[in-house]
>>> print(open('entry_16.cif').read())   # mmCIF, C-alpha atoms and all ligand atoms
data_work
#
loop_
_atom_site.label_atom_id
_atom_site.label_comp_id
_atom_site.auth_asym_id
_atom_site.auth_seq_id
_atom_site.Cartn_x
_atom_site.Cartn_y
_atom_site.Cartn_z
CA MET A 7 0.00 0.00 0.00
CA ILE A 8 1.05 3.58 -0.63
CA SER A 9 -0.12 6.07 1.94
CA VAL A 10 0.20 9.80 1.65
CA THR A 11 -0.70 11.77 4.76
CA GLY A 12 -1.24 15.52 4.94
CA ALA A 13 0.93 16.28 1.89
CA ARG A 14 1.44 19.99 1.40
CA LYS A 15 3.65 21.52 -1.26
CA THR A 16 3.99 25.17 -2.17
CA TYR A 17 5.95 26.94 -4.90
CA GLY A 18 6.34 30.45 -3.55
CA ASP A 19 2.80 31.65 -2.81
CA PHE A 20 1.26 28.93 -4.94
CA VAL A 21 -0.19 25.92 -3.14
CA ALA A 22 0.30 22.88 -5.41
CA LEU A 23 -0.78 20.31 -2.79
CA ASP A 24 -3.05 21.44 0.00
CA GLY A 25 -2.94 18.76 2.67
CA VAL A 26 -3.58 15.69 0.54
CA SER A 27 -4.14 12.34 2.25
CA LEU A 28 -4.61 9.24 0.12
CA ASP A 29 -4.30 5.49 0.59
CA ILE A 30 -3.51 3.47 -2.53
CA PRO A 31 -4.18 -0.25 -1.98
CA ALA A 32 -1.44 -2.76 -2.78
CA GLY A 33 -1.92 -4.35 -6.19
CA SER A 34 -4.36 -1.68 -7.41
CA LEU A 35 -4.15 0.44 -10.51
CA THR A 36 -5.08 3.87 -9.23
CA ALA A 37 -5.50 6.90 -11.46
CA LEU A 38 -4.82 10.43 -10.28
CA LEU A 39 -7.27 12.35 -12.43
CA GLY A 40 -7.70 16.09 -12.65
CA PRO A 41 -7.38 19.14 -14.85
CA SER A 42 -4.06 20.69 -15.76
CA GLY A 43 -2.40 22.24 -12.73
CA SER A 44 -4.49 20.32 -10.18
CA GLY A 45 -1.36 18.82 -8.60
CA LYS A 46 -1.40 15.27 -10.02
CA SER A 47 2.23 15.25 -11.13
CA THR A 48 3.36 16.94 -7.93
CA LEU A 49 1.64 14.22 -5.90
CA LEU A 50 3.15 11.44 -8.05
CA ARG A 51 6.60 13.00 -7.83
CA ALA A 52 6.22 13.31 -4.06
CA ILE A 53 5.44 9.57 -3.89
CA ALA A 54 8.53 8.94 -6.01
CA GLY A 55 10.68 11.20 -3.83
CA LEU A 56 11.49 13.43 -6.80
CA GLU A 57 9.75 16.30 -5.05
CA GLY A 58 10.17 17.13 -1.37
CA LEU A 59 7.07 18.03 0.66
CA ASP A 60 6.73 21.07 2.91
CA HIS A 61 4.63 18.95 5.26
CA GLY A 62 3.27 15.43 5.26
CA ARG A 63 4.50 11.90 4.93
CA VAL A 64 4.71 9.17 2.31
CA GLY A 65 4.65 5.48 3.15
CA ILE A 66 5.27 2.60 0.76
CA GLY A 67 4.51 -0.98 1.81
CA GLY A 68 4.34 -0.02 5.48
CA THR A 69 7.68 1.83 5.51
CA ASP A 70 7.86 5.59 5.99
CA VAL A 71 9.91 6.70 2.96
CA THR A 72 9.51 10.46 3.48
CA GLY A 73 13.22 11.12 3.92
CA ILE A 74 14.42 8.35 1.63
CA PRO A 75 15.84 9.19 -1.84
CA PRO A 76 13.97 8.00 -4.96
CA GLN A 77 16.42 5.25 -5.89
CA LYS A 78 15.85 3.57 -2.52
CA ARG A 79 12.04 3.69 -2.58
CA GLY A 80 11.50 0.59 -4.74
CA ILE A 81 9.73 2.49 -7.49
CA GLY A 82 9.64 2.33 -11.26
CA PHE A 83 8.81 5.62 -12.98
CA VAL A 84 7.68 6.29 -16.55
CA PHE A 85 7.27 9.82 -17.89
CA GLN A 86 5.36 11.15 -20.88
CA HIS A 87 8.58 11.60 -22.83
CA TYR A 88 10.69 8.66 -22.00
CA ALA A 89 14.40 9.38 -22.07
CA ALA A 90 15.80 6.18 -23.52
CA PHE A 91 19.52 5.65 -23.95
CA LYS A 92 19.77 6.32 -27.67
CA HIS A 93 23.03 4.45 -28.17
CA MET A 94 21.74 1.28 -26.48
CA THR A 95 19.55 -1.40 -28.02
CA VAL A 96 16.08 -2.12 -26.67
CA ARG A 97 17.51 -5.12 -24.85
CA ASP A 98 20.24 -3.06 -23.16
CA ASN A 99 17.81 -0.31 -22.26
CA VAL A 100 15.50 -2.79 -20.56
CA ALA A 101 18.43 -4.53 -18.88
CA PHE A 102 19.93 -1.27 -17.63
CA GLY A 103 18.66 -1.36 -14.04
CA LEU A 104 19.73 -4.97 -13.66
CA THR A 105 23.15 -4.42 -15.24
CA ILE A 106 24.04 -1.57 -12.89
CA ARG A 107 22.93 -3.76 -10.00
CA LYS A 108 25.43 -6.34 -11.29
CA ARG A 109 22.93 -9.19 -11.48
CA PRO A 110 24.19 -12.44 -13.03
CA LYS A 111 24.15 -12.39 -16.85
CA ALA A 112 21.89 -15.43 -17.15
CA GLU A 113 19.33 -13.90 -14.80
CA ILE A 114 19.39 -10.62 -16.77
CA ALA A 115 18.93 -12.45 -20.07
CA ARG A 116 15.98 -14.46 -18.79
CA LYS A 117 14.30 -11.48 -17.17
CA VAL A 118 14.71 -9.23 -20.20
CA ASP A 119 13.30 -11.93 -22.50
CA ASP A 120 10.28 -12.31 -20.21
CA LEU A 121 9.69 -8.57 -20.03
CA LEU A 122 10.03 -8.03 -23.77
CA GLU A 123 7.44 -10.71 -24.28
CA ILE A 124 5.10 -9.18 -21.69
CA VAL A 125 5.27 -5.75 -23.34
CA GLY A 126 4.99 -7.25 -26.84
CA LEU A 127 8.48 -6.29 -28.00
CA ASP A 128 10.07 -9.70 -28.47
CA GLY A 129 11.74 -9.54 -31.83
CA PHE A 130 12.67 -5.89 -31.28
CA GLN A 131 15.51 -6.45 -28.85
CA HIS A 132 18.28 -5.49 -31.28
CA ARG A 133 16.67 -2.29 -32.45
CA TYR A 134 17.65 1.14 -31.23
CA PRO A 135 15.07 3.49 -29.66
CA ALA A 136 15.02 5.68 -32.78
CA GLN A 137 13.81 2.64 -34.74
CA LEU A 138 10.69 2.25 -32.56
CA SER A 139 7.31 3.96 -32.78
CA GLY A 140 6.21 6.22 -29.93
CA GLY A 141 3.96 3.51 -28.52
CA GLN A 142 6.72 0.90 -28.71
CA ARG A 143 9.10 3.27 -26.94
CA GLN A 144 6.65 3.74 -24.07
CA ARG A 145 6.23 -0.03 -23.79
CA MET A 146 10.02 -0.34 -23.66
CA ALA A 147 9.99 2.28 -20.89
CA LEU A 148 7.48 0.18 -18.94
CA ALA A 149 9.60 -2.94 -19.40
CA ARG A 150 12.62 -1.04 -18.15
CA ALA A 151 10.74 0.26 -15.13
CA LEU A 152 9.45 -3.23 -14.32
CA ALA A 153 12.85 -4.92 -14.72
CA VAL A 154 14.00 -4.17 -11.19
CA ASP A 155 10.80 -5.59 -9.62
CA PRO A 156 9.61 -2.29 -8.21
CA GLU A 157 7.16 -2.32 -5.35
CA VAL A 158 5.24 0.44 -7.10
CA LEU A 159 5.03 1.65 -10.68
CA LEU A 160 4.45 5.37 -11.16
CA LEU A 161 3.25 6.53 -14.57
CA ASP A 162 3.02 10.22 -15.43
CA GLU A 163 0.81 10.58 -18.53
CA PRO A 164 2.79 7.74 -20.15
CA PHE A 165 0.68 7.84 -23.32
CA GLY A 166 0.14 11.59 -23.37
CA ALA A 167 2.30 12.28 -26.41
CA LEU A 168 0.77 9.56 -28.59
CA ASP A 169 -2.10 9.81 -31.05
CA ALA A 170 -5.63 8.86 -30.00
CA LYS A 171 -5.69 5.39 -31.60
CA VAL A 172 -2.34 4.33 -30.15
CA ARG A 173 -3.37 5.73 -26.76
CA ALA A 174 -6.55 3.67 -26.81
CA ASP A 175 -4.62 0.49 -27.69
CA LEU A 176 -2.02 1.11 -25.01
CA ARG A 177 -4.68 1.72 -22.37
CA GLN A 178 -6.12 -1.73 -22.95
CA TRP A 179 -2.65 -3.15 -23.06
CA LEU A 180 -1.73 -1.50 -19.75
CA ARG A 181 -4.82 -2.97 -18.12
CA ARG A 182 -3.90 -6.46 -19.34
CA LEU A 183 -0.31 -5.97 -18.24
CA HIS A 184 -1.46 -4.95 -14.79
CA ASP A 185 -3.72 -7.98 -14.54
CA GLU A 186 -0.64 -10.09 -15.29
CA VAL A 187 1.95 -8.46 -13.05
CA HIS A 188 -0.23 -6.94 -10.27
CA VAL A 189 2.32 -4.33 -9.30
CA THR A 190 0.77 -1.42 -7.39
CA THR A 191 0.45 1.23 -10.10
CA VAL A 192 -0.36 4.93 -9.97
CA LEU A 193 -1.26 6.56 -13.26
CA VAL A 194 -1.47 10.32 -13.71
CA THR A 195 -3.93 11.36 -16.39
CA HIS A 196 -6.14 14.31 -17.27
CA ASP A 197 -8.23 12.09 -19.54
CA GLN A 198 -11.35 10.84 -17.80
CA GLU A 199 -11.95 8.12 -20.38
CA GLU A 200 -8.48 6.75 -19.76
CA ALA A 201 -9.05 6.72 -16.00
CA LEU A 202 -12.51 5.13 -16.30
CA GLU A 203 -11.26 2.44 -18.66
CA VAL A 204 -7.99 1.48 -17.04
CA ALA A 205 -8.12 2.14 -13.32
CA ASP A 206 -9.77 0.19 -10.54
CA ARG A 207 -9.64 3.28 -8.33
CA ILE A 208 -9.68 6.93 -9.24
CA ALA A 209 -8.68 9.90 -7.09
CA VAL A 210 -10.06 13.12 -8.55
CA LEU A 211 -7.89 16.15 -7.84
CA ASN A 212 -8.78 19.81 -8.11
CA LYS A 213 -6.65 22.77 -7.05
CA GLY A 214 -4.24 20.69 -5.02
CA ALA A 215 -6.91 18.79 -3.08
CA ILE A 216 -8.72 15.49 -3.51
CA GLU A 217 -12.40 15.87 -4.37
CA GLN A 218 -13.33 12.18 -4.29
CA VAL A 219 -11.78 8.71 -4.33
CA GLY A 220 -13.57 5.59 -5.46
CA ASP A 221 -13.98 2.95 -8.10
CA PRO A 222 -14.90 4.20 -11.59
CA VAL A 223 -18.53 3.09 -11.42
CA SER A 224 -19.35 4.73 -8.10
CA LEU A 225 -17.57 7.93 -9.08
CA TYR A 226 -19.52 8.11 -12.30
CA ASP A 227 -22.85 7.14 -10.75
CA ARG A 228 -22.50 8.94 -7.43
CA PRO A 229 -20.20 11.91 -7.90
CA ALA A 230 -19.67 13.79 -4.64
CA ASN A 231 -20.12 17.19 -6.22
CA ASP A 232 -20.60 19.12 -9.46
CA PHE A 233 -16.87 19.25 -10.14
CA VAL A 234 -16.48 15.45 -10.10
CA MET A 235 -19.65 14.99 -12.12
CA SER A 236 -18.58 17.45 -14.82
CA PHE A 237 -15.06 16.10 -14.95
CA LEU A 238 -16.11 12.46 -15.37
CA GLY A 239 -18.34 12.93 -18.40
CA SER A 240 -20.42 15.39 -20.32
CA VAL A 241 -23.21 17.09 -18.41
CA ALA A 242 -26.21 19.21 -19.28
CA ARG A 243 -27.78 21.82 -17.04
CA LEU A 244 -31.49 21.22 -16.88
CA GLY A 245 -33.67 23.46 -14.74
CA GLY A 246 -30.66 24.34 -12.60
CA GLN A 247 -29.57 20.71 -12.08
CA LEU A 248 -26.60 18.95 -13.64
CA VAL A 249 -27.63 15.80 -15.48
CA ARG A 250 -25.97 13.44 -17.91
CA PRO A 251 -27.22 13.92 -21.49
CA HIS A 252 -28.11 10.22 -21.72
CA ASP A 253 -30.28 10.55 -18.60
CA ILE A 254 -32.61 12.94 -20.41
CA ALA A 255 -35.75 11.50 -22.02
CA LEU A 256 -37.73 13.36 -24.67
CA HIS A 257 -41.43 13.06 -25.46
CA ARG A 258 -43.75 14.64 -27.96
CA ASP A 259 -46.58 14.52 -25.45
CA ARG A 260 -46.47 16.73 -22.32
CA GLU A 261 -48.76 14.50 -20.24
CA ARG A 262 -46.74 11.40 -20.96
CA ALA A 263 -43.57 13.24 -19.95
CA GLN A 264 -45.21 14.41 -16.73
CA GLN A 265 -46.40 10.91 -15.83
CA LEU A 266 -42.94 9.42 -16.32
CA ASP A 267 -41.25 12.31 -14.57
CA ALA A 268 -43.51 11.87 -11.54
CA ARG A 269 -42.43 8.23 -11.31
CA VAL A 270 -38.78 9.23 -11.16
CA GLY A 271 -39.18 12.23 -8.87
CA GLY A 272 -36.43 14.49 -7.61
CA GLY A 273 -35.57 15.90 -11.02
CA PRO A 274 -35.99 19.42 -12.29
CA GLY A 275 -39.46 18.59 -13.69
CA VAL A 276 -40.65 18.68 -17.30
CA LEU A 277 -39.17 21.30 -19.56
CA GLU A 278 -40.65 22.36 -22.86
CA ALA A 279 -37.93 22.75 -25.45
CA SER A 280 -37.49 23.16 -29.15
CA VAL A 281 -35.16 21.02 -31.21
CA GLU A 282 -32.27 22.99 -32.70
CA ARG A 283 -30.22 20.21 -34.24
CA VAL A 284 -30.19 16.43 -34.49
CA VAL A 285 -26.67 14.99 -34.77
CA ARG A 286 -26.08 11.32 -35.51
CA LEU A 287 -23.01 10.01 -33.66
CA GLY A 288 -22.81 6.41 -34.82
CA PHE A 289 -25.07 4.41 -32.52
CA GLU A 290 -26.20 7.44 -30.58
CA VAL A 291 -28.00 10.60 -31.53
CA ARG A 292 -27.41 13.94 -29.87
CA VAL A 293 -30.33 16.32 -29.83
CA ASP A 294 -29.43 19.97 -29.24
CA LEU A 295 -32.31 21.71 -27.53
CA ARG A 296 -33.36 25.12 -26.35
CA ALA A 297 -35.73 25.26 -23.40
CA ASP A 298 -38.52 27.83 -23.30
CA THR A 299 -36.48 29.46 -20.52
CA GLY A 300 -33.76 30.13 -23.14
CA GLU A 301 -31.43 27.51 -21.61
CA ARG A 302 -29.59 25.34 -24.14
CA PHE A 303 -28.84 21.69 -23.42
CA ALA A 304 -28.27 18.41 -25.24
CA ALA A 305 -29.94 15.03 -24.83
CA GLN A 306 -28.29 11.81 -25.92
CA LEU A 307 -30.67 9.19 -27.32
CA THR A 308 -30.18 5.81 -28.87
CA ARG A 309 -30.83 5.70 -32.59
CA ALA A 310 -34.02 3.68 -31.99
CA GLU A 311 -35.35 6.28 -29.56
CA ALA A 312 -34.53 9.09 -31.97
CA ASP A 313 -36.13 7.25 -34.90
CA ALA A 314 -39.30 6.67 -32.88
CA LEU A 315 -39.54 10.41 -32.21
CA SER A 316 -38.44 11.38 -35.76
CA LEU A 317 -37.32 14.79 -34.61
CA GLU A 318 -36.69 17.74 -36.90
CA PRO A 319 -35.27 21.15 -36.05
CA GLY A 320 -38.07 23.40 -34.82
CA ASP A 321 -40.11 20.55 -33.27
CA THR A 322 -41.36 20.98 -29.72
CA VAL A 323 -40.51 18.28 -27.18
CA PHE A 324 -40.92 17.74 -23.44
CA ALA A 325 -37.75 16.80 -21.60
CA HIS A 326 -37.24 15.27 -18.18
CA THR A 327 -34.56 13.25 -16.47
CA VAL A 328 -34.82 9.51 -16.08
CA ALA A 329 -32.24 9.43 -13.27
CA PRO A 330 -31.42 12.70 -11.63
CA THR A 331 -27.68 12.55 -11.21
CA ASN A 332 -27.22 15.86 -9.52
CA PRO A 333 -24.85 14.81 -6.73
CA ALA A 334 -27.29 15.89 -4.04
CA GLU A 335 -30.02 13.71 -5.57
CA ALA A 336 -27.92 10.73 -6.48
CA GLU A 337 -28.83 8.53 -3.50
CA PRO A 338 -30.76 6.35 -3.29
CA ALA A 339 -30.65 4.78 -6.75
CA LEU A 340 -33.94 5.31 -8.52
CA ALA A 341 -35.80 2.68 -10.43
CA ILE A 342 -38.40 3.51 -13.05
N1 LIG B 1 8.85 23.64 -10.02
C1 LIG B 1 7.74 24.39 -9.98
N2 LIG B 1 7.79 25.72 -9.72
C2 LIG B 1 6.69 26.47 -9.65
N3 LIG B 1 5.43 26.00 -9.84
C3 LIG B 1 5.30 24.69 -10.11
C4 LIG B 1 6.44 23.82 -10.19
N4 LIG B 1 6.00 22.57 -10.46
C5 LIG B 1 4.65 22.66 -10.55
N5 LIG B 1 4.24 23.93 -10.33
C6 LIG B 1 2.85 24.40 -10.33
O1 LIG B 1 2.09 23.58 -9.47
C7 LIG B 1 0.80 23.30 -10.04
C8 LIG B 1 0.57 21.81 -10.07
O2 LIG B 1 1.43 21.25 -11.02
P1 LIG B 1 1.33 19.72 -11.45
O3 LIG B 1 2.36 19.48 -12.49
O4 LIG B 1 1.34 18.89 -10.24
O5 LIG B 1 -0.11 19.70 -12.08
P2 LIG B 1 -0.80 18.57 -12.93
O6 LIG B 1 -2.14 18.34 -12.34
O7 LIG B 1 0.09 17.40 -13.05
O8 LIG B 1 -0.96 19.31 -14.30
P3 LIG B 1 -0.59 18.83 -15.79
O9 LIG B 1 -1.63 17.85 -16.17
O10 LIG B 1 -0.70 20.13 -16.56
O11 LIG B 1 0.80 18.30 -15.73
C9 LIG B 1 0.78 23.96 -11.41
O12 LIG B 1 0.04 25.15 -11.34
C10 LIG B 1 2.23 24.24 -11.70
O13 LIG B 1 2.36 25.42 -12.47
#
>>> encode(input="entry_16.cif", output="structure tokens")
Amino acid sequence: MISVTGARKTYGDFVALDGVSLDIPAGSLTALLGPSGSGKSTLLRAIAGLEGLDHGRVGIGGTDVTGIPPQKRGIGFVFQHYAAFKHMTVRDNVAFGLTIRKRPKAEIARKVDDLLEIVGLDGFQHRYPAQLSGGQRQRMALARALAVDPEVLLLDEPFGALDAKVRADLRQWLRRLHDEVHVTTVLVTHDQEEALEVADRIAVLNKGAIEQVGDPVSLYDRPANDFVMSFLGSVARLGGQLVRPHDIALHRDRERAQQLDARVGGGPGVLEASVERVVRLGFEVRVDLRADTGERFAAQLTRAEADALSLEPGDTVFAHTVAPTNPAEAEPALAI
């Protein structure tokens, strides 16, 4: 387990970490998620020992490592831009940590072969870093970080510099890798999709403080506040409440909308709105609406729902929520 207690870090007048306490369970893949400047990297670097804290403590595996230098903390670290040794082959890069620890040659060879297979780079061992793609280089970086059997693996936006498709592939790959090696992993990301897809726990940071910690499903379904809700997915403001666009139902008939809305309860009520645009997004359809109050919002429907309504710009509809997800209304779960 990694435990951070009362971590405070300032840069001049600026408070980068404002008394953060966080327990990261052993064997978990925990994401530190938050907007730019929220303190994610500072927290990760404090865990690594690359950044000293003004106050607070860091423990790894039951040992207080607060005053211990990074190289003695049992960590592997991968940055967004991995600084590989350009003059060394993939094999030598991965072996580096073991070579400087003077491990027996046979052990190094076996370990490096295993790791290259795990990260899908067997066959690439004699290449140089410049002969790899960005995604392959980051996988090499992970193999190198894992080579010394770290107690924890710290990843700072490891796929941040890669294009969307490669990022998506590597996310799935990282999840599979973690399921295989189970090393306690902390991943810094500002991408909520990445956190929701890969992590088993997410800590949401904002302005140097933790807003909420939990598993992806409970964070998404029961966000503690508007910040967490907005950060974990798109939201629409309906009658003063934040709701998810796919939790908005549309009807042509006001009475029908009122009946269904009464069954759900707790929502902002039924809003009359006119359709401004209907946008097909593959399986889903986004309907841009303008309420009679002037408020603009979007509803996300399935294609079947949209077809049944056959909406055109200018049509009048009646909108209500099927599951008010405003944080204050989120409990208990509502059935309709
Ligand atoms: N060495 C430094 N000197 C001064 N300010 C710093 C320093 N390092 C970080 N900061 C500031 O501390 C805040 C938190 O930085 P941090 O890198 O932890 O944020 P982040 O959440 O990781 O953001 P990003 O996703 O943009 O990297 C930022 O406002 C940053 O400008």
>>> residues_near_ligand(input="entry_16.cif", ligand="ligand LIG 1 (chain B)", cutoff="7 Å", atoms="all atoms listed in the file", output="PyMOL selection string")
chain A and resi 17+22+40-49+195-196
>>> residues_near_point(input="entry_16.cif", point="(6.6, 7.6, -10.5)", cutoff="10 Å", atoms="all atoms listed in the file", output="PyMOL selection string")
chain A and resi 47+49-56+76+81-85+151+158-162+191-194
>>> atom_distance(input="entry_16.cif", atom1="CA of Phe324 (chain A)", atom2="CA of Arg243 (chain A)")
15.2 Å
>>> residues_around(input="entry_16.cif", residues="region 126-129 of chain A", least_positions_apart="4", cutoff="8 Å", atoms="all atoms listed in the file", output="list in words")
Asp119, Leu122, Gln142, Arg145 and Met146 of chain A
>>> closest_residue(input="entry_16.cif", among="A:Val291, A:Ile114, A:Ala90, A:Ala325", to="Thr308 (chain A)", atoms="all atoms listed in the file")
A:Val291
>>> closest_residue(input="entry_16.cif", among="A:Gly320, A:Asp29, A:Val21, A:Asp253", to="Val219 (chain A)", atoms="all atoms listed in the file")
A:Asp29
>>> closest_residue(input="entry_16.cif", among="A:Leu28, A:Leu38, A:Leu104, A:Ile66", to="Ile8 (chain A)", atoms="all atoms listed in the file")
A:Ile66
>>> residues_near_point(input="entry_16.cif", point="(-44.7, 9.6, -24.2)", cutoff="12 Å", atoms="all atoms listed in the file", output="PDB file with C-alpha atoms, keeping the file's coordinate frame")
ATOM      1  CA  ALA A 255     -35.750  11.500 -22.020  1.00  0.00           C
ATOM      2  CA  LEU A 256     -37.730  13.360 -24.670  1.00  0.00           C
ATOM      3  CA  HIS A 257     -41.430  13.060 -25.460  1.00  0.00           C
ATOM      4  CA  ARG A 258     -43.750  14.640 -27.960  1.00  0.00           C
ATOM      5  CA  ASP A 259     -46.580  14.520 -25.450  1.00  0.00           C
ATOM      6  CA  ARG A 260     -46.470  16.730 -22.320  1.00  0.00           C
ATOM      7  CA  GLU A 261     -48.760  14.500 -20.240  1.00  0.00           C
ATOM      8  CA  ARG A 262     -46.740  11.400 -20.960  1.00  0.00           C
ATOM      9  CA  ALA A 263     -43.570  13.240 -19.950  1.00  0.00           C
ATOM     10  CA  GLN A 264     -45.210  14.410 -16.730  1.00  0.00           C
ATOM     11  CA  GLN A 265     -46.400  10.910 -15.830  1.00  0.00           C
ATOM     12  CA  LEU A 266     -42.940   9.420 -16.320  1.00  0.00           C
ATOM     13  CA  ASP A 267     -41.250  12.310 -14.570  1.00  0.00           C
ATOM     14  CA  GLU A 311     -35.350   6.280 -29.560  1.00  0.00           C
ATOM     15  CA  ALA A 314     -39.300   6.670 -32.880  1.00  0.00           C
ATOM     16  CA  LEU A 315     -39.540  10.410 -32.210  1.00  0.00           C
ATOM     17  CA  VAL A 323     -40.510  18.280 -27.180  1.00  0.00           C
ATOM     18  CA  PHE A 324     -40.920  17.740 -23.440  1.00  0.00           C
ATOM     19  CA  ALA A 325     -37.750  16.800 -21.600  1.00  0.00           C
ATOM     20  CA  HIS A 326     -37.240  15.270 -18.180  1.00  0.00           C
TER      21      HIS A 326
END
>>> residues_around(input="entry_16.cif", residues="Pro135 (chain A)", least_positions_apart="5", cutoff="12 Å", atoms="only C-alpha atoms", output="PDB file with C-alpha atoms, in the coordinates of the input")
ATOM      1  CA  TYR A  88      10.690   8.660 -22.000  1.00  0.00           C
ATOM      2  CA  ALA A  89      14.400   9.380 -22.070  1.00  0.00           C
ATOM      3  CA  ALA A  90      15.800   6.180 -23.520  1.00  0.00           C
ATOM      4  CA  PHE A  91      19.520   5.650 -23.950  1.00  0.00           C
ATOM      5  CA  LYS A  92      19.770   6.320 -27.670  1.00  0.00           C
ATOM      6  CA  HIS A  93      23.030   4.450 -28.170  1.00  0.00           C
ATOM      7  CA  MET A  94      21.740   1.280 -26.480  1.00  0.00           C
ATOM      8  CA  THR A  95      19.550  -1.400 -28.020  1.00  0.00           C
ATOM      9  CA  VAL A  96      16.080  -2.120 -26.670  1.00  0.00           C
ATOM     10  CA  ARG A  97      17.510  -5.120 -24.850  1.00  0.00           C
ATOM     11  CA  ASP A  98      20.240  -3.060 -23.160  1.00  0.00           C
ATOM     12  CA  ASN A  99      17.810  -0.310 -22.260  1.00  0.00           C
ATOM     13  CA  VAL A 100      15.500  -2.790 -20.560  1.00  0.00           C
ATOM     14  CA  LEU A 127       8.480  -6.290 -28.000  1.00  0.00           C
ATOM     15  CA  PHE A 130      12.670  -5.890 -31.280  1.00  0.00           C
ATOM     16  CA  GLY A 140       6.210   6.220 -29.930  1.00  0.00           C
ATOM     17  CA  GLY A 141       3.960   3.510 -28.520  1.00  0.00           C
ATOM     18  CA  GLN A 142       6.720   0.900 -28.710  1.00  0.00           C
ATOM     19  CA  ARG A 143       9.100   3.270 -26.940  1.00  0.00           C
ATOM     20  CA  GLN A 144       6.650   3.740 -24.070  1.00  0.00           C
ATOM     21  CA  ARG A 145       6.230  -0.030 -23.790  1.00  0.00           C
ATOM     22  CA  MET A 146      10.020  -0.340 -23.660  1.00  0.00           C
ATOM     23  CA  ALA A 147       9.990   2.280 -20.890  1.00  0.00           C
TER      24      ALA A 147
END
>>> axis_aligned_box(input="entry_16.cif", around="region 218-224 of chain A", padding_each_side="3 Å", output="AutoDock Vina command-line options")
--center_x -15.6 --center_y 7.6 --center_z -7.9 --size_x 13.6 --size_y 15.2 --size_z 13.3
>>> atom_distance(input="entry_16.cif", atom1="CA of Ile106 (chain A)", atom2="CA of Pro156 (chain A)")
15.2 Å
>>> atom_distance(input="entry_16.cif", atom1="CA of Ile254 (chain A)", atom2="CA of Ala304 (chain A)")
8.5 Å
>>> closest_residue(input="entry_16.cif", among="A:Val154, A:Ala167, A:Ala112, A:Ala297", to="Arg79 (chain A)", atoms="all atoms listed in the file")
A:Val154
>>> closest_residue(input="entry_16.cif", among="A:Val234, A:Ile216, A:Leu277, A:Val125", to="Gly246 (chain A)", atoms="all atoms listed in the file")
A:Leu277
>>> residues_around(input="entry_16.cif", residues="Gly239 (chain A)", least_positions_apart="3", cutoff="10 Å", atoms="all atoms listed in the file", output="list in words")
Gln198, Glu199, Leu202, Tyr226, Val234, Met235, Ser236, Arg250 and Pro251 of chain A
